[in-house]
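File shown here: start34.csv, holding CSV, C-alpha atoms.
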chain,number,residue,atom,x,y,z
A,24,MET,CA,-14.4,18.9,-41.8
A,25,SER,CA,-12.6,15.7,-41.2
A,26,LEU,CA,-12.1,13.4,-38.3
A,27,ARG,CA,-8.4,14.3,-38.3
A,28,HIS,CA,-9.2,17.9,-37.8
A,29,TYR,CA,-11.6,17.1,-35.0
A,30,PHE,CA,-8.9,15.0,-33.3
A,31,HIS,CA,-6.4,17.9,-33.6
A,32,ALA,CA,-9.0,20.2,-32.0
A,33,MET,CA,-9.7,17.7,-29.3
A,34,LEU,CA,-5.9,17.4,-28.6
A,35,VAL,CA,-5.7,21.2,-28.1
A,36,VAL,CA,-8.5,21.1,-25.6
A,37,LEU,CA,-7.0,18.1,-23.8
A,38,LEU,CA,-3.6,19.8,-23.5
A,39,LEU,CA,-5.3,22.8,-22.0
A,40,VAL,CA,-7.2,20.6,-19.5
A,41,VAL,CA,-4.0,18.8,-18.6
A,42,ALA,CA,-2.2,22.0,-18.1
A,43,ALA,CA,-4.9,23.4,-15.9
A,44,ALA,CA,-5.1,20.2,-13.9
A,45,ALA,CA,-1.3,20.2,-13.4
A,46,ALA,CA,-1.3,23.9,-12.3
A,47,GLN,CA,-4.1,23.2,-9.8
A,48,ALA,CA,-2.3,20.2,-8.4
A,49,HIS,CA,1.0,22.0,-8.1
A,50,HIS,CA,-0.6,24.9,-6.2
A,51,SER,CA,-1.3,22.7,-3.2
A,52,PHE,CA,2.2,22.2,-2.0
A,53,SER,CA,4.2,25.0,-3.7
A,54,GLY,CA,4.9,26.7,-0.4
A,55,ALA,CA,7.0,23.9,0.9
A,56,PHE,CA,8.2,21.9,-2.1
A,57,ASP,CA,10.0,23.0,-5.2
A,58,ILE,CA,7.8,21.8,-8.0
A,59,SER,CA,10.4,22.8,-10.7
A,60,LYS,CA,12.8,20.1,-9.4
A,61,GLN,CA,12.6,16.3,-9.3
A,62,SER,CA,15.0,14.3,-7.2
A,63,THR,CA,15.5,10.5,-7.1
A,64,LEU,CA,16.4,8.8,-3.8
A,65,LYS,CA,17.1,5.2,-2.8
A,66,GLY,CA,16.7,4.0,0.7
A,67,VAL,CA,14.8,1.9,3.2
A,68,LEU,CA,11.5,2.9,4.7
A,69,SER,CA,11.9,3.2,8.4
A,70,LYS,CA,8.4,4.5,9.4
A,71,ILE,CA,5.1,5.3,7.9
A,72,ASP,CA,2.7,7.6,9.6
A,73,TRP,CA,-0.9,7.1,8.3
A,74,VAL,CA,-2.1,10.6,9.3
A,75,ASN,CA,-4.1,13.4,7.9
A,76,PRO,CA,-4.0,15.8,6.2
A,77,HIS,CA,-1.2,13.9,4.5
A,78,ILE,CA,0.5,10.6,5.1
A,79,TYR,CA,4.2,10.6,5.7
A,80,LEU,CA,6.8,8.0,4.7
A,81,TYR,CA,10.3,8.2,6.3
A,82,LEU,CA,13.1,7.0,4.1
A,83,ASP,CA,16.6,6.2,5.4
A,84,VAL,CA,19.1,7.2,2.7
A,85,LYS,CA,22.7,6.2,3.0
A,86,ASP,CA,25.3,8.4,1.4
A,87,ASN,CA,28.7,7.3,-0.1
A,88,ASP,CA,30.3,7.6,3.3
A,89,GLY,CA,27.8,5.3,4.9
A,90,LYS,CA,26.0,8.2,6.8
A,91,VAL,CA,22.3,7.7,7.0
A,92,THR,CA,19.9,10.6,6.6
A,93,THR,CA,16.2,10.2,7.1
A,94,TRP,CA,14.0,12.0,4.6
A,95,ALA,CA,10.4,12.9,5.4
A,96,LEU,CA,8.2,12.3,2.3
A,97,GLU,CA,4.7,13.7,2.2
A,98,SER,CA,1.9,12.2,0.2
A,99,LEU,CA,-1.8,12.3,-0.2
A,100,PRO,CA,-4.5,12.2,2.5
A,101,THR,CA,-5.6,8.9,3.9
A,102,ASN,CA,-9.0,8.9,2.3
A,103,HIS,CA,-7.4,9.3,-1.2
A,104,MET,CA,-5.4,6.2,-0.4
A,105,ARG,CA,-8.5,4.4,0.7
A,106,ASN,CA,-10.4,5.4,-2.4
A,107,VAL,CA,-7.8,3.8,-4.6
A,108,GLY,CA,-7.3,0.8,-2.4
A,109,LEU,CA,-3.8,1.5,-1.1
A,110,THR,CA,-3.0,0.5,2.5
A,111,ARG,CA,-0.2,1.3,4.9
A,112,GLN,CA,1.0,-2.3,4.4
A,113,ASP,CA,1.0,-1.8,0.6
A,114,PHE,CA,3.5,1.0,1.1
A,115,TRP,CA,5.5,-0.8,3.8
A,116,ASN,CA,5.9,-3.9,1.6
A,117,ASN,CA,9.1,-5.6,2.6
A,118,ALA,CA,10.7,-2.7,4.5
A,119,SER,CA,11.1,-5.0,7.5
A,120,THR,CA,13.7,-7.0,5.7
A,121,GLY,CA,15.6,-4.0,4.4
A,122,GLU,CA,14.0,-3.7,1.0
A,123,VAL,CA,15.6,-0.8,-0.9
A,124,VAL,CA,13.0,1.4,-2.7
A,125,THR,CA,13.4,4.2,-5.1
A,126,VAL,CA,11.4,7.4,-4.8
A,127,HIS,CA,10.9,10.4,-7.0
A,128,VAL,CA,10.1,13.6,-5.2
A,129,ASN,CA,9.7,17.3,-5.5
A,130,PRO,CA,12.3,18.3,-2.9
A,131,ALA,CA,11.7,20.7,-0.1
A,132,LYS,CA,12.5,24.3,-0.9
A,133,ASP,CA,14.5,24.5,2.4
A,134,LEU,CA,16.6,21.4,1.8
A,135,ALA,CA,19.5,22.8,3.9
A,136,ASN,CA,17.3,22.4,7.0
A,137,HIS,CA,14.7,19.9,6.0
A,138,ARG,CA,15.4,16.6,4.2
A,139,ALA,CA,11.9,16.4,2.9
A,140,GLY,CA,10.0,15.9,-0.3
A,141,TRP,CA,6.6,15.6,-1.9
A,142,LEU,CA,6.3,12.0,-3.0
A,143,LEU,CA,5.6,11.6,-6.7
A,144,ARG,CA,6.4,7.9,-7.1
A,145,ILE,CA,7.7,5.0,-5.0
A,146,THR,CA,9.2,1.9,-6.8
A,147,TYR,CA,9.8,-1.4,-5.0
A,148,ALA,CA,12.6,-3.9,-5.5
A,149,ASP,CA,10.6,-6.1,-7.8
A,150,GLY,CA,9.7,-3.1,-10.1
A,151,HIS,CA,6.1,-2.5,-9.1
A,152,PHE,CA,5.4,1.1,-8.1
A,153,PHE,CA,2.8,3.5,-6.9
A,154,HIS,CA,2.6,6.7,-8.8
A,155,LEU,CA,0.9,9.2,-6.6
A,156,SER,CA,1.2,12.7,-8.0
A,157,GLY,CA,1.8,14.6,-11.2
A,158,ASP,CA,1.9,13.4,-14.7
A,159,PRO,CA,3.0,9.7,-14.8
A,160,LYS,CA,4.7,10.4,-18.2
A,161,ALA,CA,7.0,13.0,-16.6
A,162,ILE,CA,8.9,10.4,-14.6
A,163,ALA,CA,11.4,8.0,-16.2
A,164,GLU,CA,10.7,4.4,-15.3
A,165,SER,CA,12.8,3.2,-12.4
A,166,LYS,CA,14.4,-0.2,-12.2
B,17,MET,CA,-10.4,26.9,-42.7
B,18,ARG,CA,-9.1,28.8,-39.7
B,19,HIS,CA,-12.6,29.6,-38.5
B,20,ARG,CA,-13.6,26.0,-39.0
B,21,PHE,CA,-10.7,24.9,-36.9
B,22,PHE,CA,-11.7,27.2,-34.0
B,23,GLY,CA,-15.2,26.0,-34.4
B,24,LEU,CA,-13.9,22.5,-34.0
B,25,VAL,CA,-11.9,23.5,-30.9
B,26,LEU,CA,-15.2,24.9,-29.5
B,27,LEU,CA,-17.0,21.7,-30.3
B,28,ALA,CA,-14.3,19.6,-28.8
B,29,ALA,CA,-14.3,21.9,-25.7
B,30,ILE,CA,-18.0,21.3,-25.3
B,31,THR,CA,-17.5,17.6,-25.7
B,32,ALA,CA,-14.7,17.7,-23.1
B,33,VAL,CA,-16.9,19.5,-20.6
B,34,VAL,CA,-19.7,17.0,-21.1
B,35,LEU,CA,-17.3,14.1,-20.7
B,36,TYR,CA,-15.6,15.8,-17.7
B,37,THR,CA,-18.8,16.6,-15.8
B,38,GLY,CA,-20.1,13.2,-16.6
B,39,GLY,CA,-23.4,14.7,-17.6
B,40,THR,CA,-26.5,14.4,-15.3
B,41,GLY,CA,-28.0,11.3,-16.8
B,42,VAL,CA,-27.4,8.9,-13.9
B,43,ALA,CA,-28.2,11.5,-11.3
B,44,GLY,CA,-31.5,12.1,-13.1
B,45,GLN,CA,-32.3,8.4,-13.1
B,46,GLN,CA,-31.5,8.2,-9.4
B,47,ALA,CA,-33.7,11.2,-8.6
B,48,GLN,CA,-36.5,9.3,-10.3
B,49,ALA,CA,-36.3,6.5,-7.9
B,50,ALA,CA,-38.9,6.4,-5.1
B,51,THR,CA,-37.9,8.3,-2.0
B,52,PRO,CA,-37.9,5.9,1.0
B,53,ARG,CA,-39.9,7.0,4.0
B,54,MET,CA,-39.7,6.4,7.7
B,55,SER,CA,-42.7,5.1,9.6
B,56,ASP,CA,-43.6,8.7,10.6
B,57,GLY,CA,-43.9,9.6,6.9
B,58,HIS,CA,-40.8,11.8,6.7
B,59,PRO,CA,-38.2,11.0,4.0
B,60,ASP,CA,-35.6,8.5,5.2
B,61,LEU,CA,-32.3,10.3,5.2
B,62,ASN,CA,-30.3,7.3,6.7
B,63,GLY,CA,-27.3,6.3,4.8
B,64,TYR,CA,-23.8,7.0,3.6
B,65,TRP,CA,-24.0,10.1,1.2
B,66,TYR,CA,-21.1,10.4,-1.1
B,67,ARG,CA,-20.0,14.0,-1.6
B,68,ARG,CA,-17.0,13.4,-3.7
B,69,ARG,CA,-14.7,15.9,-2.0
B,70,PRO,CA,-11.8,16.1,-2.0
B,71,PRO,CA,-11.5,14.7,-5.5
B,72,THR,CA,-9.2,11.7,-5.8
B,73,PRO,CA,-7.2,11.4,-9.0
B,74,THR,CA,-8.2,8.5,-11.3
B,75,ALA,CA,-6.3,5.3,-10.5
B,76,ARG,CA,-5.4,2.4,-12.7
B,77,ARG,CA,-3.7,-0.8,-11.8
B,78,VAL,CA,-1.1,-2.4,-14.0
B,79,GLY,CA,0.1,-5.6,-12.5
B,80,GLY,CA,1.1,-4.8,-9.0
B,81,SER,CA,1.5,-1.1,-9.7
B,82,VAL,CA,-1.0,1.6,-9.0
B,83,ILE,CA,-1.0,4.8,-11.0
B,84,LEU,CA,-2.9,7.9,-9.9
B,85,ASP,CA,-3.2,10.0,-12.9
B,86,PRO,CA,-4.5,13.5,-12.5
B,87,THR,CA,-4.6,13.9,-16.3
B,88,VAL,CA,-7.3,11.2,-16.8
B,89,ARG,CA,-10.8,11.3,-15.5
B,90,ASP,CA,-12.6,8.2,-14.4
B,91,PRO,CA,-15.6,7.8,-16.6
B,92,ASN,CA,-17.2,5.7,-13.9
B,93,ALA,CA,-16.9,8.3,-11.2
B,94,PRO,CA,-20.2,9.2,-9.6
B,95,PRO,CA,-21.8,12.2,-11.3
B,96,SER,CA,-21.7,15.2,-9.0
B,97,GLY,CA,-21.1,18.0,-11.4
B,98,ASN,CA,-17.7,19.5,-12.0
B,99,ASP,CA,-15.3,20.4,-9.2
B,100,ALA,CA,-15.9,24.1,-9.5
B,101,ALA,CA,-19.6,23.5,-8.7
B,102,LEU,CA,-18.4,21.8,-5.4
B,103,LEU,CA,-16.9,25.0,-4.2
B,104,PRO,CA,-19.0,26.9,-1.6
B,105,GLY,CA,-18.8,30.3,-3.1
B,106,VAL,CA,-17.9,33.5,-1.3
B,107,PRO,CA,-19.9,35.7,1.1
B,108,LYS,CA,-20.2,39.5,0.6
B,109,TYR,CA,-18.5,41.3,3.5
B,110,LYS,CA,-19.2,44.9,4.5
B,111,PRO,CA,-16.6,47.2,3.0
B,112,GLN,CA,-14.9,47.9,6.3
B,113,PHE,CA,-14.0,44.2,6.8
B,114,LEU,CA,-12.5,43.6,3.4
B,115,ALA,CA,-9.0,44.5,4.5
B,116,LYS,CA,-9.2,42.0,7.4
B,117,VAL,CA,-10.4,39.2,5.1
B,118,LYS,CA,-7.5,40.0,2.8
B,119,GLU,CA,-5.0,40.0,5.6
B,120,LEU,CA,-6.3,36.7,7.0
B,121,ASP,CA,-6.3,35.2,3.5
B,122,THR,CA,-2.7,36.2,2.9
B,123,ASN,CA,-1.7,34.6,6.3
B,124,GLN,CA,-4.0,31.6,6.1
B,125,VAL,CA,-1.2,29.2,6.7
B,126,HIS,CA,-0.7,30.7,10.2
B,127,GLN,CA,-4.2,32.1,10.9
B,128,ASP,CA,-6.6,29.4,9.7
B,129,PRO,CA,-7.5,27.1,12.6
B,130,ALA,CA,-8.6,24.4,10.2
B,131,PHE,CA,-5.2,24.5,8.4
B,132,THR,CA,-3.6,22.9,11.5
B,133,CYS,CA,-6.3,20.3,12.0
B,134,GLY,CA,-8.9,22.4,14.0
B,135,PRO,CA,-12.6,21.7,13.6
B,136,PRO,CA,-14.0,23.2,10.3
B,137,GLY,CA,-17.2,24.6,11.9
B,138,VAL,CA,-20.5,25.2,10.2
B,139,PRO,CA,-21.0,25.7,7.3
B,140,ARG,CA,-17.4,25.0,6.3
B,141,ILE,CA,-17.7,21.3,7.2
B,142,GLY,CA,-20.0,20.9,4.3
B,143,PRO,CA,-22.8,18.3,3.9
B,144,PRO,CA,-22.8,15.3,6.2
B,145,GLN,CA,-21.4,12.0,4.9
B,146,ARG,CA,-23.5,9.7,7.1
B,147,ILE,CA,-26.9,10.3,8.5
B,148,VAL,CA,-28.6,8.4,11.3
B,149,GLN,CA,-32.3,9.2,11.7
B,150,THR,CA,-34.9,8.4,14.3
B,151,SER,CA,-38.4,9.9,14.9
B,152,ARG,CA,-36.9,12.2,17.5
B,153,GLU,CA,-33.6,13.3,16.1
B,154,VAL,CA,-31.2,13.2,13.2
B,155,VAL,CA,-27.5,12.6,13.7
B,156,LEU,CA,-25.1,13.9,11.2
B,157,LEU,CA,-21.7,12.2,11.0
B,158,TYR,CA,-18.5,13.5,9.3
B,159,ASP,CA,-15.4,11.7,8.4
B,160,ASP,CA,-13.5,14.9,7.9
B,161,LEU,CA,-9.9,15.4,7.0
B,162,ASN,CA,-9.4,17.0,10.4
B,163,GLY,CA,-11.2,14.3,12.4
B,164,ASN,CA,-14.5,12.7,13.1
B,165,TYR,CA,-17.3,15.1,14.0
B,166,PHE,CA,-21.0,14.6,15.0
B,167,ARG,CA,-24.0,16.8,15.2
B,168,LEU,CA,-27.1,16.0,17.0
B,169,ILE,CA,-30.2,17.6,15.5
B,170,PRO,CA,-33.4,17.2,17.6
B,171,THR,CA,-36.6,17.1,15.5
B,172,ASP,CA,-39.2,16.6,18.2
B,173,GLY,CA,-39.7,20.2,19.1
B,174,ARG,CA,-36.9,20.5,21.7
B,175,PRO,CA,-35.7,24.1,21.9
B,176,HIS,CA,-32.1,25.3,21.6
B,177,ARG,CA,-30.1,24.4,24.7
B,178,LYS,CA,-29.2,27.1,27.0
B,179,GLY,CA,-26.1,27.6,29.2
B,180,ILE,CA,-23.6,25.7,27.0
B,181,GLU,CA,-20.4,27.0,25.6
B,182,ALA,CA,-20.2,28.1,22.0
B,183,SER,CA,-18.6,25.5,19.8
B,184,ALA,CA,-17.3,25.0,16.3
B,185,HIS,CA,-20.5,23.2,15.1
B,186,GLY,CA,-22.9,25.0,17.4
B,187,ASP,CA,-26.2,24.0,18.8
B,188,ALA,CA,-28.9,22.9,16.3
B,189,VAL,CA,-32.6,22.1,16.2
B,190,GLY,CA,-34.4,20.8,13.2
B,191,HIS,CA,-37.9,20.7,11.9
B,192,TRP,CA,-39.6,19.4,8.8
B,193,GLU,CA,-41.0,21.7,6.1
B,194,GLY,CA,-42.8,19.2,3.9
B,195,ASP,CA,-40.1,16.8,2.8
B,196,THR,CA,-37.2,19.2,3.6
B,197,LEU,CA,-35.4,19.0,7.0
B,198,VAL,CA,-34.6,22.6,8.1
B,199,ILE,CA,-31.8,22.9,10.6
B,200,ASP,CA,-31.3,26.1,12.6
B,201,VAL,CA,-27.7,26.4,14.0
B,202,ARG,CA,-26.6,28.9,16.7
B,203,ASN,CA,-24.1,29.3,19.4
B,204,LEU,CA,-21.2,29.0,17.0
B,205,SER,CA,-17.8,29.9,18.2
B,206,ALA,CA,-15.9,32.7,16.4
B,207,ASP,CA,-12.8,30.5,16.3
B,208,THR,CA,-13.7,28.9,13.0
B,209,TRP,CA,-13.9,30.4,9.5
B,210,LEU,CA,-16.7,30.2,7.0
B,211,GLY,CA,-14.3,28.8,4.4
B,212,ASP,CA,-10.9,29.2,3.0
B,213,ASN,CA,-9.4,32.6,2.2
B,214,GLY,CA,-9.9,34.5,5.4
B,215,LEU,CA,-13.6,34.2,5.7
B,216,PHE,CA,-14.0,35.0,9.3
B,217,HIS,CA,-17.2,35.4,11.2
B,218,THR,CA,-18.4,36.6,14.6
B,219,GLU,CA,-20.1,34.7,17.4
B,220,ASN,CA,-23.4,36.1,16.1
B,221,LEU,CA,-23.2,33.7,13.2
B,222,ARG,CA,-26.4,31.8,12.4
B,223,VAL,CA,-26.7,29.2,9.8
B,224,THR,CA,-29.8,27.6,8.3
B,225,GLU,CA,-29.2,24.3,6.5
B,226,ARG,CA,-31.7,22.4,4.4
B,227,LEU,CA,-31.5,18.7,3.6
B,228,ARG,CA,-33.8,17.2,1.0
B,229,ARG,CA,-33.8,13.6,-0.3
B,230,GLU,CA,-35.3,12.8,-3.7
B,231,GLY,CA,-34.8,9.2,-4.7
B,232,ASN,CA,-31.2,8.4,-4.0
B,233,THR,CA,-29.9,11.9,-4.1
B,234,LEU,CA,-29.6,14.3,-1.2
B,235,THR,CA,-29.4,18.1,-1.6
B,236,TRP,CA,-27.7,20.2,1.1
B,237,GLN,CA,-28.1,23.9,1.2
B,238,ALA,CA,-27.0,26.5,3.7
B,239,ILE,CA,-27.7,30.1,4.3
B,240,VAL,CA,-25.3,32.1,6.5
B,241,GLU,CA,-26.3,35.2,8.4
B,242,ASP,CA,-23.8,37.3,10.3
B,243,PRO,CA,-25.2,40.9,10.0
B,244,GLU,CA,-22.3,42.3,12.0
B,245,VAL,CA,-19.8,41.6,9.2
B,246,LEU,CA,-21.7,40.3,6.2
B,247,ALA,CA,-23.4,42.8,3.9
B,248,GLU,CA,-26.1,40.3,3.1
B,249,PRO,CA,-27.0,36.6,3.9
B,250,TRP,CA,-24.7,34.3,2.1
B,251,LYS,CA,-26.3,31.4,0.2
B,252,VAL,CA,-23.7,28.7,0.1
B,253,ASN,CA,-23.6,26.8,-3.2
B,254,PRO,CA,-25.9,23.8,-2.8
B,255,ARG,CA,-24.4,20.3,-3.0
B,256,THR,CA,-26.0,17.2,-4.4
B,257,LEU,CA,-24.9,13.9,-2.9
B,258,THR,CA,-25.5,10.4,-4.0
B,259,LEU,CA,-26.4,7.4,-1.8
B,260,ARG,CA,-23.5,5.0,-1.5
B,261,THR,CA,-24.5,1.5,-0.7
B,262,ASN,CA,-22.3,-1.4,0.5
B,263,ASP,CA,-19.9,1.1,2.0
B,264,GLU,CA,-19.4,2.9,5.2
B,265,ILE,CA,-17.5,5.9,6.6
B,266,GLU,CA,-14.5,5.1,8.7
B,267,GLU,CA,-12.8,6.5,11.7
B,268,ALA,CA,-10.7,9.4,10.5
B,269,ALA,CA,-7.0,9.1,10.8
B,270,PHE,CA,-5.2,11.2,13.4
B,271,CYS,CA,-4.7,14.7,12.0
B,272,GLN,CA,-1.4,16.4,12.5
B,273,ASP,CA,-0.1,19.1,10.2
B,274,ARG,CA,3.6,18.6,9.6
B,275,ILE,CA,4.2,20.9,6.6
B,276,GLN,CA,4.5,24.2,8.4
B,277,PRO,CA,8.2,23.8,9.2
B,278,PHE,CA,8.9,23.2,5.6
B,279,MET,CA,7.1,26.2,4.3
B,280,GLN,CA,9.1,28.9,2.7
B,281,ASP,CA,6.3,31.2,1.7
B,282,LEU,CA,2.6,31.6,2.5
B,283,SER,CA,1.2,29.9,-0.6
B,284,HIS,CA,-1.3,27.3,0.2
B,285,HIS,CA,-4.2,25.4,-1.1
B,286,GLY,CA,-7.9,25.4,-0.1
B,287,ASN,CA,-9.3,22.8,2.1
B,288,THR,CA,-12.8,22.6,0.7
B,289,ARG,CA,-14.9,19.8,2.0
Written form, structure tokens:
Amino acid sequence: MSLRHYFHAMLVVLLLVVAAAAAQAHHSFSGAFDISKQSTLKGVLSKIDWVNPHIYLYLDVKDNDGKVTTWALESLPTNHMRNVGLTRQDFWNNASTGEVVTVHVNPAKDLANHRAGWLLRITYADGHFFHLSGDPKAIAESK
Amino acid sequence: MRHRFFGLVLLAAITAVVLYTGGTGVAGQQAQAATPRMSDGHPDLNGYWYRRRPPTPTARRVGGSVILDPTVRDPNAPPSGNDAALLPGVPKYKPQFLAKVKELDTNQVHQDPAFTCGPPGVPRIGPPQRIVQTSREVVLLYDDLNGNYFRLIPTDGRPHRKGIEASAHGDAVGHWEGDTLVIDVRNLSADTWLGDNGLFHTENLRVTERLRREGNTLTWQAIVEDPEVLAEPWKVNPRTLTLRTNDEIEEAAFCQDRIQPFMQDLSHHGNTR
């Protein structure tokens, strides 16, 4: 009976709890988004709809040919944002001046018809970010 | 050694559960506080009652960044039991209706009015978040995911109203049984569900809610009767709420479901209040 053994046991339990939490979280949007995939996009926010049951951020993404495609990014309900002190303006930041942001998303299952994703993290030009869903350690830091 | 290790796993699991649920120490202390009373002697139910639903992941700030981490629980979160205890439970249907419940459950994405921002109805809307009480009536206010809803509960002996259309939250009258406010709800529209997973009901639904304040906690209970389809009255799992001071509910954001066009299958999550 040592402290080390107790920590090992605690680790096993924590891993189980984490796995259960992740499974529960993933269930919520698995009908629309592919939780097995993670995509990274860069673009400029063109609109934010502060609506329930989920807020939507619209991101204008320019491809190599200069063509702009608008992605619809779904995130958490408004009261979740309120509870953690995040406002619409916090998300908008400097979009009015063309700030390029990086987003990590679970892409839509039907990407051919819907440029959409479940927002995991949004990172701003100065490096600060809002991590909104999933295990923060599962995302590589963006610059 | 092996047995000892599994024993340690069990001990750690118990520790984790205690940590996760936050225990009941603070709630117990709050229940011991004196229950404020109105001038008519009834318990004062006024206030913003925190029901902690839906759960918000723990957030931490690092510089200008905000990290919502579902893998970490906030040790300072109000104690309201674990999330499983916040679920309403499941009514027992008569055997001939089980297939219908299953079919509706499978197609909830398309069949559930609340999935596309419709009113939740009673008892699905859950306990009130804000209460305004006078000597004649109690007003229940909801900042729901689907919108703002109100319910007016006369407590001065007025009977149920007649000649009004059935509605999602029905027509209610209340009376005091000791320190418990008992609310009788009728005239409920059959357009709502009792909860997630295809829990339909008929227009003969009748719900009895009980609200009881003890100190700074409020307990909400509901009994659901719909003898046409339910095999027995359904006792919804009670909920315990904590008084939240220096805060107020807000006007709900516009509700507009936009996920349906993206959906490739019928999997969905619950919308428990």
Considering all atoms listed in the file, state which residue in the set A:Phe153, A:Trp141, A:Tyr147, A:Trp94 is at the smallest distance from Asn117 (chain A).
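Between A:Phe153, A:Trp141, A:Tyr147, A:Trp94, the residue approaching Asn117 (chain A) most closely is A:Tyr147.
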Select from region 67-136 of chain A every residue with an atom at most 8 Å from any atom of region 153-164 of chain B, then for each give the shortest pair of atoms and their distance in Å to one decimal, using all atoms listed in the file, rows by chain and rising number, as JSON lines.
{"residue": "A:Asn75", "atom": "CA", "partner": "B:Leu161", "partner_atom": "CA", "distance": 6.2}
{"residue": "A:Pro76", "atom": "CA", "partner": "B:Leu161", "partner_atom": "CA", "distance": 6.0}
{"residue": "A:Pro100", "atom": "CA", "partner": "B:Leu161", "partner_atom": "CA", "distance": 7.7}
Interatomic distance (Å, one decimal) between CA of Asp200 (chain B) and CA of Glu241 (chain B)
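Separation of CA of Asp200 (chain B) and CA of Glu241 (chain B): 11.2 Å.
Of the listed residues B:Arg289, B:Lys108, B:Arg174, B:Arg77, the one whose atoms come nearest to chain A is B:Arg77, with distances taken using all atoms listed in the file.
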How many Å separate CA of Lys132 (chain A) from CA of Asp57 (chain A)?
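Straight-line distance from CA of Lys132 (chain A) to CA of Asp57 (chain A) works out to 5.1 Å.
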Which residue, B:Thr74, B:Phe216, B:Thr261, B:Glu266, has the smallest gap to Lys118 (chain B) when you use only C-alpha atoms?
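Of the candidates, the smallest distance to Lys118 (chain B) is held by B:Phe216.
The neighbours of Asp263 (chain B) here are the residues that come within 12 Å of it, using all atoms listed in the file and leaving out any residue fewer than 3 positions away in the same chain; they are Arg105 and Asn106 of chain A; Gly63, Tyr64, Trp65, Tyr66, Gln145, Arg146, Leu259, Arg260 and Glu266 of chain B.
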So, counting all atoms listed in the file, which residue among B:Gly214, B:Ala188, B:Arg53, B:Leu84 is closest to His126 (chain B)?
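Comparing B:Gly214, B:Ala188, B:Arg53, B:Leu84 against His126 (chain B), the winner is B:Gly214.
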Separation of CA of Lys70 (chain A) and CA of Ala118 (chain A), in Å?
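These atoms are spaced 9.0 Å apart.
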Please check which residues have atoms at most 9 Å from (9.7, 15.2, -7.7) in the file's coordinates, counting only C-alpha atoms, and write them as a VMD selection string.
chain A and resid 56 to 63 126 to 130 140 to 144 156 to 157 162
